[in-house]
Amino acid sequence: MRASHVALAFCLALTLPSVAFAQGTVAPLAESLTGESRQAYDAGKLLFEDGDAAGAITKFKRAYELSKEPRLLWNMAVCEKELRHYASSARLVARYLNEGGERLTAENRSNAEATRQALRGFYSELTLKQLPAGARVSVDDISVATAPISEPIPVDLGKRRVRVELAGYDVYERAI
């Protein structure tokens, strides 16, 4: 596929409407949220539409914390992409696919897989081996994984600070 087609597919996939549901089986995202989680979701949508992806992701995260609604992960992934945090976006798309279960249609899954593939060219992967169970890994002061880690960790391109810590062990920190 030509680079311009990949870029176009990437943009389209991440700007598709975020309210995705299996028709007839799962309520639309907005209808599945109530109380404070619905308020946070609505505020996030307004902020995103106003071009404030950083503010929007904060609201979508709050809605997710309150509801554990996995479809909010897609909204957060879109915000991260808009902020050019491609590795974070990829991690969220993977979580969306893993946690979405029956709430995602075949089309939702297909779009998410295409997005994950398009994002792949915008980050590197960090592989850490032989970490003790429970070790926490952070990249640029953001927690990204806890050992055991079965897959490489997506990290944005450029110089990054990796930190691994676990009580009873020396802290490992390195610029890569």
# chains A, B, ... in the order shown; residues from 1 in each chain; ligands from 1
>>> residues_around(residues="range 87-91 of chain A", least_positions_apart="6", cutoff="12 Å", atoms="only C-alpha atoms", output="ChimeraX atom specification")
/A:10,14,57,73-81,97-98,112-126,139-140,142-145,151-158
>>> residues_around(residues="Tyr172 in chain A", least_positions_apart="6", cutoff="10 Å", atoms="only C-alpha atoms", output="ChimeraX atom specification")
/A:137,162-166
>>> write_last_selection(atoms="N, CA, C and O atoms", output="mmCIF file, in the first residue's frame")
data_model
loop_
_atom_site.group_PDB
_atom_site.id
_atom_site.type_symbol
_atom_site.label_atom_id
_atom_site.label_comp_id
_atom_site.auth_asym_id
_atom_site.auth_seq_id
_atom_site.Cartn_x
_atom_site.Cartn_y
_atom_site.Cartn_z
ATOM 1 N N VAL A 137 7.175 -0.887 35.093
ATOM 2 C CA VAL A 137 7.958 -0.243 34.046
ATOM 3 C C VAL A 137 7.278 1.073 33.689
ATOM 4 O O VAL A 137 6.066 1.125 33.449
ATOM 5 N N VAL A 162 13.595 5.127 30.524
ATOM 6 C CA VAL A 162 12.935 3.902 30.981
ATOM 7 C C VAL A 162 13.331 3.670 32.436
ATOM 8 O O VAL A 162 14.507 3.782 32.803
ATOM 9 N N ARG A 163 12.334 3.330 33.239
ATOM 10 C CA ARG A 163 12.567 3.076 34.665
ATOM 11 C C ARG A 163 11.846 1.791 35.049
ATOM 12 O O ARG A 163 10.681 1.591 34.695
ATOM 13 N N VAL A 164 12.551 0.919 35.770
ATOM 14 C CA VAL A 164 11.981 -0.325 36.277
ATOM 15 C C VAL A 164 12.197 -0.328 37.776
ATOM 16 O O VAL A 164 13.329 -0.129 38.239
ATOM 17 N N GLU A 165 11.105 -0.576 38.523
ATOM 18 C CA GLU A 165 11.248 -0.580 39.978
ATOM 19 C C GLU A 165 10.356 -1.630 40.628
ATOM 20 O O GLU A 165 9.274 -1.941 40.133
ATOM 21 N N LEU A 166 10.891 -2.152 41.725
ATOM 22 C CA LEU A 166 10.182 -3.141 42.533
ATOM 23 C C LEU A 166 10.800 -3.106 43.923
ATOM 24 O O LEU A 166 12.032 -3.096 44.060
#
>>> select_by_dssp(residues="range 6-169 of chain A", states="alpha helix (DSSP H)", output="JSON, numbers by chain")
{"A": [6, 7, 8, 9, 10, 11, 12, 13, 14, 15, 29, 30, 31, 32, 35, 36, 37, 38, 39, 40, 41, 42, 43, 44, 45, 46, 47, 48, 49, 53, 54, 55, 56, 57, 58, 59, 60, 61, 62, 63, 64, 65, 66, 67, 72, 73, 74, 75, 76, 77, 78, 79, 80, 81, 82, 86, 87, 88, 89, 90, 91, 92, 93, 94, 95, 96, 97, 98, 99, 100, 106, 107, 108, 109, 110, 111, 112, 113, 114, 115, 116, 117, 118, 119]}
>>> residues_around(residues="Thr146 in chain A", least_positions_apart="4", cutoff="9 Å", atoms="only C-alpha atoms", output="PDB file with all heavy atoms, in the first residue's frame")
ATOM      1  N   ALA A 133       8.578 -10.720  38.719  1.00  0.00           N
ATOM      2  CA  ALA A 133       7.129 -10.502  38.722  1.00  0.00           C
ATOM      3  C   ALA A 133       6.791  -9.317  39.622  1.00  0.00           C
ATOM      4  O   ALA A 133       7.331  -9.176  40.715  1.00  0.00           O
ATOM      5  CB  ALA A 133       6.404 -11.750  39.201  1.00  0.00           C
ATOM      6  N   GLY A 134       5.933  -8.449  39.104  1.00  0.00           N
ATOM      7  CA  GLY A 134       5.496  -7.284  39.856  1.00  0.00           C
ATOM      8  C   GLY A 134       6.307  -6.030  39.589  1.00  0.00           C
ATOM      9  O   GLY A 134       5.932  -4.943  40.031  1.00  0.00           O
ATOM     10  N   ALA A 135       7.431  -6.153  38.868  1.00  0.00           N
ATOM     11  CA  ALA A 135       8.242  -4.979  38.551  1.00  0.00           C
ATOM     12  C   ALA A 135       7.426  -4.023  37.681  1.00  0.00           C
ATOM     13  O   ALA A 135       6.792  -4.444  36.717  1.00  0.00           O
ATOM     14  CB  ALA A 135       9.527  -5.392  37.837  1.00  0.00           C
ATOM     15  N   ARG A 136       7.462  -2.749  38.049  1.00  0.00           N
ATOM     16  CA  ARG A 136       6.716  -1.731  37.314  1.00  0.00           C
ATOM     17  C   ARG A 136       7.639  -1.023  36.334  1.00  0.00           C
ATOM     18  O   ARG A 136       8.731  -0.577  36.707  1.00  0.00           O
ATOM     19  CB  ARG A 136       6.085  -0.731  38.280  1.00  0.00           C
ATOM     20  CG  ARG A 136       4.984  -1.347  39.134  1.00  0.00           C
ATOM     21  CD  ARG A 136       4.368  -0.353  40.123  1.00  0.00           C
ATOM     22  NE  ARG A 136       5.321   0.442  40.862  1.00  0.00           N
ATOM     23  CZ  ARG A 136       6.011   0.036  41.933  1.00  0.00           C
ATOM     24  NH1 ARG A 136       5.859  -1.191  42.391  1.00  0.00           N
ATOM     25  NH2 ARG A 136       6.859   0.847  42.558  1.00  0.00           N
ATOM     26  N   VAL A 137       7.175  -0.887  35.093  1.00  0.00           N
ATOM     27  CA  VAL A 137       7.958  -0.243  34.046  1.00  0.00           C
ATOM     28  C   VAL A 137       7.278   1.073  33.689  1.00  0.00           C
ATOM     29  O   VAL A 137       6.066   1.125  33.449  1.00  0.00           O
ATOM     30  CB  VAL A 137       8.042  -1.133  32.785  1.00  0.00           C
ATOM     31  CG1 VAL A 137       8.822  -0.427  31.680  1.00  0.00           C
ATOM     32  CG2 VAL A 137       8.652  -2.484  33.120  1.00  0.00           C
ATOM     33  N   SER A 138       8.081   2.133  33.674  1.00  0.00           N
ATOM     34  CA  SER A 138       7.562   3.424  33.236  1.00  0.00           C
ATOM     35  C   SER A 138       8.479   3.969  32.152  1.00  0.00           C
ATOM     36  O   SER A 138       9.675   3.689  32.119  1.00  0.00           O
ATOM     37  CB  SER A 138       7.436   4.409  34.401  1.00  0.00           C
ATOM     38  OG  SER A 138       8.687   4.641  34.995  1.00  0.00           O
TER      39      SER A 138
END
>>> closest_residue(among="A:Tyr96, A:Glu69, A:Ala106, A:Tyr64", to="Pro28 in chain A", atoms="only C-alpha atoms")
A:Glu69
>>> closest_residue(among="A:Gly100, A:Pro70, A:Gly44, A:Gly168", to="Thr58 in chain A", atoms="only C-alpha atoms")
A:Gly44
>>> select_by_dssp(residues="chain A", states="strand (DSSP E or B)", output="PDB file with C-alpha atoms, in the first residue's frame")
ATOM      1  CA  TYR A 123       6.642   4.156  17.362  1.00  0.00           C
ATOM      2  CA  SER A 124       9.307   1.647  18.388  1.00  0.00           C
ATOM      3  CA  GLU A 125       8.979  -1.435  20.560  1.00  0.00           C
ATOM      4  CA  LEU A 126      10.884  -2.025  23.770  1.00  0.00           C
ATOM      5  CA  ARG A 136       6.716  -1.731  37.314  1.00  0.00           C
ATOM      6  CA  VAL A 137       7.958  -0.243  34.046  1.00  0.00           C
ATOM      7  CA  SER A 138       7.562   3.424  33.236  1.00  0.00           C
ATOM      8  CA  VAL A 139       8.617   5.380  30.180  1.00  0.00           C
ATOM      9  CA  ILE A 142       4.295   7.194  32.676  1.00  0.00           C
ATOM     10  CA  SER A 143       3.531   3.683  33.901  1.00  0.00           C
ATOM     11  CA  VAL A 144       3.273   1.371  30.885  1.00  0.00           C
ATOM     12  CA  ALA A 145       3.501  -2.210  32.176  1.00  0.00           C
ATOM     13  CA  THR A 146       3.921  -4.546  35.125  1.00  0.00           C
ATOM     14  CA  ILE A 153       6.111  -2.248  24.928  1.00  0.00           C
ATOM     15  CA  PRO A 154       5.311   0.465  22.371  1.00  0.00           C
ATOM     16  CA  VAL A 155       7.365   3.646  22.949  1.00  0.00           C
ATOM     17  CA  ASP A 156       7.273   6.876  20.984  1.00  0.00           C
ATOM     18  CA  ARG A 161      13.759   7.446  29.867  1.00  0.00           C
ATOM     19  CA  VAL A 162      12.935   3.902  30.981  1.00  0.00           C
ATOM     20  CA  ARG A 163      12.567   3.076  34.665  1.00  0.00           C
ATOM     21  CA  VAL A 164      11.981  -0.325  36.277  1.00  0.00           C
ATOM     22  CA  GLU A 165      11.248  -0.580  39.978  1.00  0.00           C
ATOM     23  CA  TYR A 172      16.923   0.524  37.081  1.00  0.00           C
ATOM     24  CA  GLU A 173      16.822   3.703  35.009  1.00  0.00           C
ATOM     25  CA  ARG A 174      18.234   4.302  31.571  1.00  0.00           C
ATOM     26  CA  ALA A 175      17.922   6.753  28.692  1.00  0.00           C
TER      27      ALA A 175
END
>>> residues_around(residues="range 40-42 of chain A", least_positions_apart="5", cutoff="8 Å", atoms="only C-alpha atoms", output="ChimeraX atom specification")
/A:30,59-60,62-63
>>> atom_distance(atom1="CA of Arg109 in chain A", atom2="CA of Asp52 in chain A")
26.5 Å
